[in-house]
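Raw contents of input_8.tsv, TSV, C-alpha atoms:
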```tsv
chain	number	residue	atom	x	y	z
A	1	MET	CA	-25.44	25.28	51.72
A	2	THR	CA	-25.30	27.76	48.83
A	3	LEU	CA	-22.86	26.83	46.08
A	4	ILE	CA	-20.47	29.55	44.90
A	5	ASN	CA	-19.48	29.86	41.26
A	6	HIS	CA	-16.03	31.27	40.40
A	7	LYS	CA	-15.55	32.54	36.85
A	8	PHE	CA	-13.42	34.70	34.56
A	9	LEU	CA	-14.93	37.75	32.84
A	10	LEU	CA	-13.20	39.70	30.09
A	11	ALA	CA	-11.97	43.00	31.54
A	12	ALA	CA	-10.18	44.54	28.56
A	13	ARG	CA	-9.30	43.90	24.91
A	14	PRO	CA	-5.82	42.33	24.98
A	15	MET	CA	-2.99	44.15	23.26
A	16	GLY	CA	-0.30	41.73	22.13
A	17	MET	CA	0.43	38.84	24.48
A	18	LEU	CA	-2.30	37.98	26.97
A	19	LYS	CA	-1.96	38.92	30.65
A	20	ARG	CA	-3.97	38.22	33.82
A	21	THR	CA	-5.33	41.78	33.99
A	22	ASP	CA	-7.21	41.18	30.74
A	23	TRP	CA	-9.72	39.26	32.90
A	24	THR	CA	-11.55	39.67	36.18
A	25	PHE	CA	-11.80	36.63	38.46
A	26	THR	CA	-15.10	36.90	40.28
A	27	GLN	CA	-17.67	34.85	42.18
A	28	GLU	CA	-21.43	34.66	42.68
A	29	PRO	CA	-23.99	32.27	44.20
A	30	VAL	CA	-25.08	29.43	41.93
A	31	ALA	CA	-28.69	29.86	40.80
A	32	GLU	CA	-31.22	27.03	40.71
A	33	PRO	CA	-32.38	25.89	37.25
A	34	ASN	CA	-35.76	27.05	35.95
A	35	GLU	CA	-38.07	24.92	33.83
A	36	GLY	CA	-36.14	23.59	30.83
A	37	GLU	CA	-32.74	24.35	32.33
A	38	LEU	CA	-29.96	22.25	33.85
A	39	LEU	CA	-27.00	23.00	36.11
A	40	VAL	CA	-23.63	21.61	35.07
A	41	GLN	CA	-20.60	21.33	37.31
A	42	LEU	CA	-17.53	21.80	35.11
A	43	LEU	CA	-14.81	19.19	35.53
A	44	TYR	CA	-12.48	20.07	32.64
A	45	ILE	CA	-12.21	23.21	30.51
A	46	SER	CA	-10.64	23.22	27.06
A	47	LEU	CA	-7.92	25.79	26.29
A	48	ASP	CA	-7.64	26.46	22.56
A	49	PRO	CA	-5.71	28.89	20.34
A	50	ALA	CA	-9.01	30.15	18.92
A	51	MET	CA	-9.80	31.69	22.32
A	52	ARG	CA	-7.30	34.45	21.53
A	53	MET	CA	-9.16	35.33	18.35
A	54	TRP	CA	-12.48	35.44	20.22
A	55	LEU	CA	-11.15	38.43	22.18
A	56	ASN	CA	-10.56	40.70	19.19
A	57	ASP	CA	-13.32	43.14	18.28
A	58	VAL	CA	-13.19	42.33	14.57
A	59	ARG	CA	-15.49	40.67	12.07
A	60	SER	CA	-15.07	36.90	12.28
A	61	TYR	CA	-17.00	33.65	12.21
A	62	THR	CA	-18.37	34.33	15.69
A	63	PRO	CA	-18.99	37.55	17.65
A	64	PRO	CA	-16.17	38.52	20.03
A	65	VAL	CA	-16.48	38.04	23.78
A	66	GLY	CA	-17.86	41.30	25.13
A	67	ILE	CA	-16.21	43.34	27.86
A	68	GLY	CA	-17.66	42.15	31.17
A	69	GLU	CA	-18.87	38.88	29.65
A	70	LEU	CA	-17.96	35.35	30.69
A	71	MET	CA	-14.86	34.08	28.90
A	72	ARG	CA	-15.98	31.64	26.22
A	73	ALA	CA	-14.66	28.07	26.41
A	74	LEU	CA	-15.64	24.50	25.71
A	75	GLY	CA	-15.91	22.17	28.66
A	76	VAL	CA	-17.13	18.87	30.01
A	77	GLY	CA	-18.86	18.21	33.29
A	78	VAL	CA	-21.63	16.49	35.20
A	79	VAL	CA	-25.28	17.47	35.58
A	80	LYS	CA	-25.98	18.46	39.19
A	81	ALA	CA	-29.64	19.53	38.79
A	82	SER	CA	-32.06	19.34	35.88
A	83	LEU	CA	-35.50	20.56	34.89
A	84	ASN	CA	-34.80	19.62	31.28
A	85	PRO	CA	-36.28	16.28	30.16
A	86	ARG	CA	-33.26	15.56	27.94
A	87	PHE	CA	-30.83	15.41	30.87
A	88	GLU	CA	-30.72	13.62	34.20
A	89	ILE	CA	-28.64	14.25	37.31
A	90	GLY	CA	-25.34	12.42	36.89
A	91	ASP	CA	-25.20	12.69	33.10
A	92	HIS	CA	-21.82	13.68	31.71
A	93	VAL	CA	-22.10	16.42	29.10
A	94	SER	CA	-20.03	18.65	26.83
A	95	GLY	CA	-20.79	22.16	25.64
A	96	LEU	CA	-19.70	25.78	25.36
A	97	PHE	CA	-19.92	26.42	29.11
A	98	GLY	CA	-17.29	29.13	29.61
A	99	VAL	CA	-14.42	29.50	32.08
A	100	GLN	CA	-16.30	28.90	35.32
A	101	GLU	CA	-17.11	26.21	37.87
A	102	TYR	CA	-20.86	25.91	37.27
A	103	ALA	CA	-22.92	26.58	34.15
A	104	LEU	CA	-26.68	27.14	34.03
A	105	THR	CA	-27.96	26.32	30.54
A	106	ASP	CA	-31.16	25.64	28.61
A	107	GLY	CA	-29.48	22.64	26.99
A	108	ARG	CA	-28.96	24.07	23.51
A	109	GLY	CA	-25.60	22.93	22.19
A	110	VAL	CA	-25.14	20.55	25.13
A	111	THR	CA	-24.31	16.92	24.27
A	112	LYS	CA	-24.31	13.82	26.44
A	113	VAL	CA	-21.04	11.89	26.42
A	114	ASP	CA	-20.35	8.29	27.39
A	115	THR	CA	-17.50	7.88	29.89
A	116	ARG	CA	-17.82	4.11	30.26
A	117	ALA	CA	-15.25	3.31	27.56
A	118	VAL	CA	-13.47	6.65	27.08
A	119	PRO	CA	-12.21	8.94	29.88
A	120	LEU	CA	-14.00	12.29	30.09
A	121	PRO	CA	-11.00	14.46	29.02
A	122	LYS	CA	-10.95	12.65	25.65
A	123	TYR	CA	-14.16	14.52	24.79
A	124	LEU	CA	-12.10	17.70	24.74
A	125	SER	CA	-9.30	16.14	22.68
A	126	ALA	CA	-9.61	13.25	20.21
A	127	LEU	CA	-13.39	13.04	20.52
A	128	GLY	CA	-13.87	16.78	20.92
A	129	MET	CA	-13.22	19.86	18.81
A	130	PRO	CA	-9.54	19.02	18.04
A	131	GLY	CA	-10.51	15.56	16.82
A	132	MET	CA	-13.37	16.86	14.73
A	133	THR	CA	-11.10	19.55	13.27
A	134	ALA	CA	-8.42	17.01	12.32
A	135	TYR	CA	-10.95	14.56	10.90
A	136	PHE	CA	-12.92	16.92	8.70
A	137	GLY	CA	-10.02	19.24	7.92
A	138	LEU	CA	-7.94	16.41	6.51
A	139	LEU	CA	-10.50	13.99	5.11
A	140	ASP	CA	-13.10	16.45	3.80
A	141	THR	CA	-11.13	19.59	3.02
A	142	ALA	CA	-7.81	18.12	1.84
A	143	GLN	CA	-9.11	14.73	0.62
A	144	PRO	CA	-5.72	12.96	0.67
A	145	ASN	CA	-5.01	10.01	-1.58
A	146	PRO	CA	-2.96	6.96	-0.53
A	147	ALA	CA	0.82	7.41	-0.83
A	148	GLU	CA	0.56	11.21	-0.82
A	149	THR	CA	2.75	13.26	1.52
A	150	VAL	CA	0.88	15.14	4.25
A	151	VAL	CA	2.74	17.83	6.18
A	152	VAL	CA	1.25	19.35	9.32
A	153	SER	CA	2.51	22.21	11.48
A	154	ALA	CA	2.15	22.32	15.27
A	155	ALA	CA	2.33	18.56	14.87
A	156	ALA	CA	2.61	17.78	18.59
A	157	GLY	CA	-0.45	19.89	19.41
A	158	ALA	CA	-4.03	18.79	19.91
A	159	VAL	CA	-5.05	19.00	16.24
A	160	GLY	CA	-1.74	18.40	14.49
A	161	ALA	CA	-0.98	15.15	16.30
A	162	LEU	CA	-4.31	13.74	15.18
A	163	VAL	CA	-3.93	14.97	11.59
A	164	GLY	CA	-0.67	13.07	11.22
A	165	GLN	CA	-2.11	9.88	12.65
A	166	ILE	CA	-5.20	10.05	10.43
A	167	ALA	CA	-2.88	10.57	7.46
A	168	LYS	CA	-1.11	7.32	8.36
A	169	ILE	CA	-4.44	5.51	8.80
A	170	THR	CA	-5.34	6.57	5.24
A	171	ASN	CA	-1.98	5.22	3.97
A	172	CYS	CA	-0.26	8.57	3.46
A	173	ARG	CA	3.21	9.71	4.49
A	174	ALA	CA	3.09	12.03	7.50
A	175	VAL	CA	5.70	14.73	8.13
A	176	GLY	CA	5.29	16.89	11.22
A	177	ILE	CA	6.75	20.29	12.07
A	178	ALA	CA	7.14	20.82	15.82
A	179	GLY	CA	9.22	22.82	18.28
A	180	GLY	CA	11.95	20.99	20.19
A	181	ALA	CA	13.56	17.56	20.25
A	182	GLU	CA	11.07	16.11	22.76
A	183	LYS	CA	8.05	16.95	20.59
A	184	CYS	CA	9.76	15.63	17.48
A	185	ARG	CA	10.60	12.34	19.19
A	186	TYR	CA	7.01	12.08	20.42
A	187	ILE	CA	5.36	12.39	17.01
A	188	VAL	CA	7.76	9.93	15.34
A	189	HIS	CA	8.28	7.28	18.01
A	190	GLU	CA	4.90	7.36	19.76
A	191	LEU	CA	2.50	8.55	17.06
A	192	GLY	CA	4.10	6.95	14.01
A	193	PHE	CA	4.90	10.00	11.86
A	194	ASP	CA	7.40	9.23	9.11
A	195	ALA	CA	9.53	12.28	9.86
A	196	ALA	CA	9.71	15.32	12.11
A	197	ILE	CA	11.17	18.78	11.52
A	198	ASP	CA	12.28	20.84	14.52
A	199	TYR	CA	11.60	24.44	13.54
A	200	LYS	CA	13.65	25.63	16.52
A	201	SER	CA	16.89	24.02	15.32
A	202	GLU	CA	16.44	23.35	11.59
A	203	ASP	CA	15.96	25.33	8.41
A	204	VAL	CA	12.35	24.35	7.76
A	205	LYS	CA	12.44	25.06	4.04
A	206	GLN	CA	15.53	22.88	3.52
A	207	SER	CA	14.18	20.11	5.76
A	208	LEU	CA	10.90	20.04	3.83
A	209	GLN	CA	12.87	19.55	0.61
A	210	LYS	CA	14.75	16.69	2.28
A	211	HIS	CA	11.71	14.88	3.68
A	212	CYS	CA	9.35	15.70	0.79
A	213	PRO	CA	11.55	15.21	-2.30
A	214	ARG	CA	8.54	15.05	-4.62
A	215	GLY	CA	6.85	18.00	-2.94
A	216	ILE	CA	4.03	18.40	-0.44
A	217	ASP	CA	0.66	17.05	-1.53
A	218	VAL	CA	-1.28	18.24	1.53
A	219	TYR	CA	-0.20	20.94	3.95
A	220	PHE	CA	-2.33	21.32	7.08
A	221	ASP	CA	-1.47	24.70	8.56
A	222	ASN	CA	-1.93	25.58	12.22
A	223	VAL	CA	0.70	28.30	12.59
A	224	GLY	CA	0.90	30.64	9.57
A	225	GLY	CA	3.82	33.03	9.15
A	226	THR	CA	7.22	31.81	7.97
A	227	ILE	CA	6.28	28.13	8.33
A	228	LEU	CA	3.43	28.58	5.85
A	229	GLU	CA	5.83	30.31	3.47
A	230	ALA	CA	8.28	27.41	3.74
A	231	ALA	CA	5.54	24.92	2.87
A	232	LEU	CA	4.35	26.99	-0.10
A	233	SER	CA	7.91	26.87	-1.44
A	234	ASN	CA	7.83	23.07	-1.75
A	235	LEU	CA	4.40	22.17	-3.12
A	236	ALA	CA	3.67	19.29	-5.46
A	237	ARG	CA	1.44	19.91	-8.45
A	238	GLY	CA	-2.20	19.88	-7.36
A	239	ALA	CA	-1.34	20.38	-3.69
A	240	ARG	CA	-4.07	21.26	-1.19
A	241	ILE	CA	-3.37	23.64	1.68
A	242	VAL	CA	-5.79	23.60	4.60
A	243	ILE	CA	-5.84	26.79	6.66
A	244	CYS	CA	-6.90	25.72	10.15
A	245	GLY	CA	-5.12	28.33	12.26
A	246	ALA	CA	-2.23	30.77	12.53
A	247	ILE	CA	-1.12	30.64	16.15
A	248	SER	CA	2.19	32.38	15.39
A	249	GLN	CA	0.21	35.50	14.48
A	250	TYR	CA	-2.52	35.67	17.13
A	251	ASN	CA	-0.69	37.91	19.58
A	252	ASN	CA	0.71	40.34	17.02
A	253	SER	CA	0.05	43.95	17.89
A	254	GLY	CA	-0.08	44.80	14.17
A	255	PRO	CA	-1.58	43.12	11.09
A	256	MET	CA	-1.12	39.40	10.49
A	257	ALA	CA	1.75	38.49	8.18
A	258	GLY	CA	0.53	36.85	5.00
A	259	PRO	CA	2.56	34.61	2.66
A	260	ARG	CA	4.71	36.56	0.22
A	261	ASN	CA	5.10	33.57	-2.11
A	262	TYR	CA	1.43	32.81	-2.69
A	263	MET	CA	2.06	32.63	-6.44
A	264	SER	CA	3.31	29.12	-5.77
A	265	LEU	CA	-0.40	28.24	-5.75
A	266	LEU	CA	-0.62	29.27	-9.39
A	267	SER	CA	2.52	27.57	-10.66
A	268	ASN	CA	1.66	24.33	-8.86
A	269	ARG	CA	-2.07	24.46	-9.66
A	270	ALA	CA	-2.61	24.25	-5.91
A	271	THR	CA	-5.54	25.31	-3.75
A	272	MET	CA	-5.70	26.93	-0.33
A	273	LYS	CA	-8.89	26.65	1.67
A	274	GLY	CA	-9.95	27.62	5.16
A	275	MET	CA	-11.95	25.23	7.33
A	276	LEU	CA	-14.09	25.72	10.43
A	277	VAL	CA	-15.07	22.70	12.44
A	278	PHE	CA	-18.47	24.19	13.35
A	279	ASP	CA	-19.59	23.67	9.74
A	280	TYR	CA	-19.67	19.92	10.41
A	281	VAL	CA	-21.72	19.77	13.62
A	282	ASP	CA	-24.37	17.50	12.11
A	283	ARG	CA	-21.66	14.95	11.24
A	284	TYR	CA	-19.89	14.89	14.61
A	285	PRO	CA	-21.51	11.58	15.66
A	286	GLN	CA	-20.18	9.87	12.53
A	287	ALA	CA	-16.67	11.21	13.09
A	288	ARG	CA	-16.68	10.39	16.82
A	289	ALA	CA	-17.74	6.81	16.09
A	290	GLU	CA	-14.94	6.29	13.57
A	291	MET	CA	-12.34	8.01	15.75
A	292	ALA	CA	-13.38	5.94	18.78
A	293	GLY	CA	-13.03	2.81	16.66
A	294	TRP	CA	-9.49	3.77	15.68
A	295	MET	CA	-8.66	4.44	19.32
A	296	ALA	CA	-10.01	1.04	20.36
A	297	GLU	CA	-7.86	-0.60	17.67
A	298	GLY	CA	-4.77	1.24	18.89
A	299	LYS	CA	-4.40	3.20	15.64
A	300	LEU	CA	-5.07	6.61	17.17
A	301	LYS	CA	-3.60	8.10	20.34
A	302	SER	CA	-4.14	11.39	22.11
A	303	ARG	CA	-2.28	13.02	24.95
A	304	GLU	CA	-3.85	15.49	27.35
A	305	ASP	CA	-1.85	18.22	29.08
A	306	ILE	CA	-3.99	18.83	32.17
A	307	VAL	CA	-3.32	21.69	34.61
A	308	ASP	CA	-5.07	21.84	37.98
A	309	GLY	CA	-7.05	24.86	39.10
A	310	LEU	CA	-9.54	27.23	37.49
A	311	GLU	CA	-7.68	30.18	39.01
A	312	THR	CA	-4.62	29.41	36.85
A	313	PHE	CA	-6.54	30.08	33.62
A	314	PRO	CA	-4.68	33.21	32.35
A	315	GLU	CA	-1.21	31.78	32.88
A	316	THR	CA	-2.12	28.30	31.65
A	317	LEU	CA	-3.65	29.66	28.45
A	318	LEU	CA	-0.29	31.28	27.69
A	319	LYS	CA	1.32	27.83	27.42
A	320	LEU	CA	-0.31	27.51	24.00
A	321	PHE	CA	1.41	30.61	22.66
A	322	LYS	CA	4.78	29.79	24.21
A	323	GLY	CA	4.77	26.26	22.80
A	324	GLU	CA	4.94	24.77	26.30
A	325	ASN	CA	2.09	22.26	26.00
A	326	LEU	CA	2.43	18.72	24.70
A	327	GLY	CA	-0.94	17.47	23.52
A	328	LYS	CA	-4.36	18.90	24.29
A	329	LEU	CA	-4.20	21.64	26.92
A	330	MET	CA	-7.02	21.82	29.44
A	331	LEU	CA	-7.85	22.88	32.99
A	332	LYS	CA	-9.03	20.52	35.67
A	333	VAL	CA	-11.60	22.43	37.69
A	334	GLY	CA	-11.57	22.11	41.47
```

Can the structure in the file be given as structure tokens, please?
Amino acid sequence: MTLINHKFLLAARPMGMLKRTDWTFTQEPVAEPNEGELLVQLLYISLDPAMRMWLNDVRSYTPPVGIGELMRALGVGVVKASLNPRFEIGDHVSGLFGVQEYALTDGRGVTKVDTRAVPLPKYLSALGMPGMTAYFGLLDTAQPNPAETVVVSAAAGAVGALVGQIAKITNCRAVGIAGGAEKCRYIVHELGFDAAIDYKSEDVKQSLQKHCPRGIDVYFDNVGGTILEAALSNLARGARIVICGAISQYNNSGPMAGPRNYMSLLSNRATMKGMLVFDYVDRYPQARAEMAGWMAEGKLKSREDIVDGLETFPETLLKLFKGENLGKLMLKVG
């Protein structure tokens, strides 16, 4: 019986908020692997804010997805056939497989993962790109010191939730900015943040002054816009700002809004630095080992927001930009 692969191809450059017609949902027979190749059946596909940026035809850290090309996405799955000596049938693997049911690959960028102690979806959350981003973004880029105050935006999201917990592990205060009472309760009562600020019902600038009376030592930014401006208004001397993302700006039809009060960096002798997780690929094993250890000790938790069905991809991706997900958003394939 011939296997059929269903997949999403980019049909048009999105203008503003994403919509289903920006993609084409198509199908084709699954090809057999040639020498050196393996066939992976996708089980879970990661949905990340960066996917929106991959659709814009602008200069960036990676070329944009081309019109008619497979939609780029990270995923985890199982090897169904292999003519590559590095992989055997039944191996669980992670890689940049795209939004589809089956991926034929030569194995470059594909990593084996161990599901005996950690469930497979964790390799798209705490032990995947969000975990690596939180680990290196906080520990390498910001380099927090014990007793410092770390503030993180999108604190109930895949990256932000981990940043706050790692801050606590390194003996810092953790203050999270999130949208809605449920998310704020989650990061304080389940994840151990010291305080939460609900940007939907509070004045963020005033709340930061309340919860960070001596200023913000580290601000880990995932949203940009007015939240970034509020953080810049309450920096401690020598503060470090990590620019990880700007999800509030990704669907703008015009230019991104930059901070108007950037001179706070000068007066507070602060620094602002961008970070990309792909710069740390050679150190992923080290980070995964330490993160897995924290998870085993009960010091680090992750929540996965899993939606069934590949065909729901366009609508499910929108949950990220509407603030409807709690934890790491992903698709369960099949």

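Counting from atom CA of Pro33 of chain A, the distance to atom CA of Ala103 of chain A is 10.0 Å.
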
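Take atom CA of Leu47 of chain A and atom CA of Leu83 of chain A: the distance between them is 29.4 Å.
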
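Residues lying within 9 Å of segment 41-43 of chain A, counting all atoms listed in the file and ignoring same-chain neighbours fewer than 4 positions away, are Gly75, Val76, Gly77, Val78, Val79, Lys80, Phe97, Val99, Gln100, Glu101, Tyr102, Ala103, Leu120, Pro121, Leu331, Lys332, Val333 and Gly334 of chain A.
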
Selection: 9 Å around Pro259 of chain A, only C-alpha atoms, excl. self and same-chain fewer than 5 positions, as a list in words: Gly224, Gly225, Thr226, Leu228, Glu229 and Leu232 of chain A

Shell of 6 Å around segment 138-150 of chain A, all atoms listed in the file, local chain residues under 3 positions omitted, as a list of chain:residue names: A:Ala134, A:Tyr135, A:Asn171, A:Cys172, A:Arg173, A:Ala174, A:Ile216, A:Asp217, A:Val218, A:Tyr219, A:Arg240

For atom CA of Cys244 of chain A and atom CA of Ala231 of chain A, the interatomic separation in Å (one decimal): 14.4 Å

Residue nearest Val113 of chain A - candidates A:Lys319, A:Lys301, A:Arg288, A:Lys210, atoms counted: only C-alpha atoms: A:Arg288

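For Gly180 of chain A, the non-local neighbours within 7 Å, defined as residues at least 3 positions apart in the same chain or in other chains and counting only C-alpha atoms, are Lys183, Cys184, Asp198 and Lys200 of chain A.
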
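Using only C-alpha atoms for every distance, the candidate list A:Ala50, A:Leu10, A:Ala154, A:Val93 yields A:Leu10 as the residue closest to Gly66 of chain A.
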
Gly254 of chain A surroundings by all atoms listed in the file, 10 Å radius, close-in-sequence under 5 positions cut, as a PyMOL selection string: chain A and resi 15-16+249

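Nearest to Tyr186 of chain A of all the residues A:Ala156, A:Met295, A:Val204, A:Ala239 is A:Ala156, counting all atoms listed in the file.
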
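Closest approach to Ser248 of chain A among A:Gly90, A:Gly323, A:Pro14, A:Gly107: A:Gly323, based on only C-alpha atoms.
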
A:Gly176, A:Gly309, A:Gly68, A:Gly131 ranked by distance to Met330 of chain A, top pick (using only C-alpha atoms): A:Gly309

With 7 Å as the cut-off and only C-alpha atoms counted, what is the closest atom pair between each nearby residue of segment 76-167 of chain A and segment 271-281 of chain A? Distances in Å to one decimal, ordered by chain and number, as JSON lines.
```
{"residue": "A:Met132", "atom": "CA", "partner": "A:Val277", "partner_atom": "CA", "distance": 6.5}
{"residue": "A:Thr133", "atom": "CA", "partner": "A:Val277", "partner_atom": "CA", "distance": 5.1}
{"residue": "A:Gly137", "atom": "CA", "partner": "A:Met275", "partner_atom": "CA", "distance": 6.3}
```

Output the selection as an mmCIF file, in the coordinates of the input - C-alpha atoms for each residue.
```cif
data_model
loop_
_atom_site.group_PDB
_atom_site.id
_atom_site.type_symbol
_atom_site.label_atom_id
_atom_site.label_comp_id
_atom_site.auth_asym_id
_atom_site.auth_seq_id
_atom_site.Cartn_x
_atom_site.Cartn_y
_atom_site.Cartn_z
ATOM 1 C CA MET A 132 -13.370 16.860 14.730
ATOM 2 C CA THR A 133 -11.100 19.550 13.270
ATOM 3 C CA GLY A 137 -10.020 19.240 7.920
#
```

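Considering only C-alpha atoms, the residue among A:Gly245, A:Pro49, A:Gly109, A:Gly36 positioned nearest to Asp282 of chain A is A:Gly109.
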
Start from the incomplete input, build N, CA, C and O atoms for segment 27-41 of chain A, and deliver everything as a PDB file, in the coordinates of the input.
```
ATOM      1  N   GLN A  27     -16.848  35.935  41.654  1.00  0.00           N
ATOM      2  CA  GLN A  27     -17.670  34.850  42.180  1.00  0.00           C
ATOM      3  C   GLN A  27     -19.084  35.343  42.411  1.00  0.00           C
ATOM      4  O   GLN A  27     -19.342  36.538  42.548  1.00  0.00           O
ATOM      5  N   GLU A  28     -20.015  34.364  42.440  1.00  0.00           N
ATOM      6  CA  GLU A  28     -21.430  34.660  42.680  1.00  0.00           C
ATOM      7  C   GLU A  28     -22.112  33.383  43.126  1.00  0.00           C
ATOM      8  O   GLU A  28     -21.629  32.274  42.848  1.00  0.00           O
ATOM      9  N   PRO A  29     -23.248  33.472  43.825  1.00  0.00           N
ATOM     10  CA  PRO A  29     -23.990  32.270  44.200  1.00  0.00           C
ATOM     11  C   PRO A  29     -24.501  31.546  42.949  1.00  0.00           C
ATOM     12  O   PRO A  29     -24.820  32.174  41.941  1.00  0.00           O
ATOM     13  N   VAL A  30     -24.567  30.244  43.034  1.00  0.00           N
ATOM     14  CA  VAL A  30     -25.080  29.430  41.930  1.00  0.00           C
ATOM     15  C   VAL A  30     -26.608  29.442  41.977  1.00  0.00           C
ATOM     16  O   VAL A  30     -27.207  29.130  43.012  1.00  0.00           O
ATOM     17  N   ALA A  31     -27.234  29.800  40.871  1.00  0.00           N
ATOM     18  CA  ALA A  31     -28.690  29.860  40.800  1.00  0.00           C
ATOM     19  C   ALA A  31     -29.287  28.465  40.541  1.00  0.00           C
ATOM     20  O   ALA A  31     -28.627  27.593  39.966  1.00  0.00           O
ATOM     21  N   GLU A  32     -30.503  28.276  40.977  1.00  0.00           N
ATOM     22  CA  GLU A  32     -31.220  27.030  40.710  1.00  0.00           C
ATOM     23  C   GLU A  32     -31.779  27.061  39.288  1.00  0.00           C
ATOM     24  O   GLU A  32     -32.179  28.117  38.792  1.00  0.00           O
ATOM     25  N   PRO A  33     -31.831  25.904  38.612  1.00  0.00           N
ATOM     26  CA  PRO A  33     -32.380  25.890  37.250  1.00  0.00           C
ATOM     27  C   PRO A  33     -33.880  26.139  37.233  1.00  0.00           C
ATOM     28  O   PRO A  33     -34.610  25.685  38.122  1.00  0.00           O
ATOM     29  N   ASN A  34     -34.335  26.884  36.219  1.00  0.00           N
ATOM     30  CA  ASN A  34     -35.760  27.050  35.950  1.00  0.00           C
ATOM     31  C   ASN A  34     -36.231  25.949  35.009  1.00  0.00           C
ATOM     32  O   ASN A  34     -35.435  25.128  34.554  1.00  0.00           O
ATOM     33  N   GLU A  35     -37.517  25.934  34.718  1.00  0.00           N
ATOM     34  CA  GLU A  35     -38.070  24.920  33.830  1.00  0.00           C
ATOM     35  C   GLU A  35     -37.319  24.925  32.493  1.00  0.00           C
ATOM     36  O   GLU A  35     -37.101  25.968  31.885  1.00  0.00           O
ATOM     37  N   GLY A  36     -36.871  23.741  32.078  1.00  0.00           N
ATOM     38  CA  GLY A  36     -36.140  23.590  30.830  1.00  0.00           C
ATOM     39  C   GLY A  36     -34.643  23.767  30.948  1.00  0.00           C
ATOM     40  O   GLY A  36     -33.906  23.584  29.963  1.00  0.00           O
ATOM     41  N   GLU A  37     -34.163  24.114  32.142  1.00  0.00           N
ATOM     42  CA  GLU A  37     -32.740  24.350  32.330  1.00  0.00           C
ATOM     43  C   GLU A  37     -32.069  23.211  33.100  1.00  0.00           C
ATOM     44  O   GLU A  37     -32.737  22.385  33.732  1.00  0.00           O
ATOM     45  N   LEU A  38     -30.735  23.196  33.055  1.00  0.00           N
ATOM     46  CA  LEU A  38     -29.960  22.250  33.850  1.00  0.00           C
ATOM     47  C   LEU A  38     -28.726  22.958  34.375  1.00  0.00           C
ATOM     48  O   LEU A  38     -28.251  23.945  33.789  1.00  0.00           O
ATOM     49  N   LEU A  39     -28.210  22.467  35.486  1.00  0.00           N
ATOM     50  CA  LEU A  39     -27.000  23.000  36.110  1.00  0.00           C
ATOM     51  C   LEU A  39     -25.881  21.993  35.926  1.00  0.00           C
ATOM     52  O   LEU A  39     -26.013  20.829  36.301  1.00  0.00           O
ATOM     53  N   VAL A  40     -24.777  22.467  35.335  1.00  0.00           N
ATOM     54  CA  VAL A  40     -23.630  21.610  35.070  1.00  0.00           C
ATOM     55  C   VAL A  40     -22.450  22.035  35.927  1.00  0.00           C
ATOM     56  O   VAL A  40     -22.103  23.220  35.982  1.00  0.00           O
ATOM     57  N   GLN A  41     -21.852  21.081  36.607  1.00  0.00           N
ATOM     58  CA  GLN A  41     -20.600  21.330  37.310  1.00  0.00           C
ATOM     59  C   GLN A  41     -19.457  21.001  36.355  1.00  0.00           C
ATOM     60  O   GLN A  41     -19.324  19.866  35.885  1.00  0.00           O
TER      61      GLN A  41
END
```
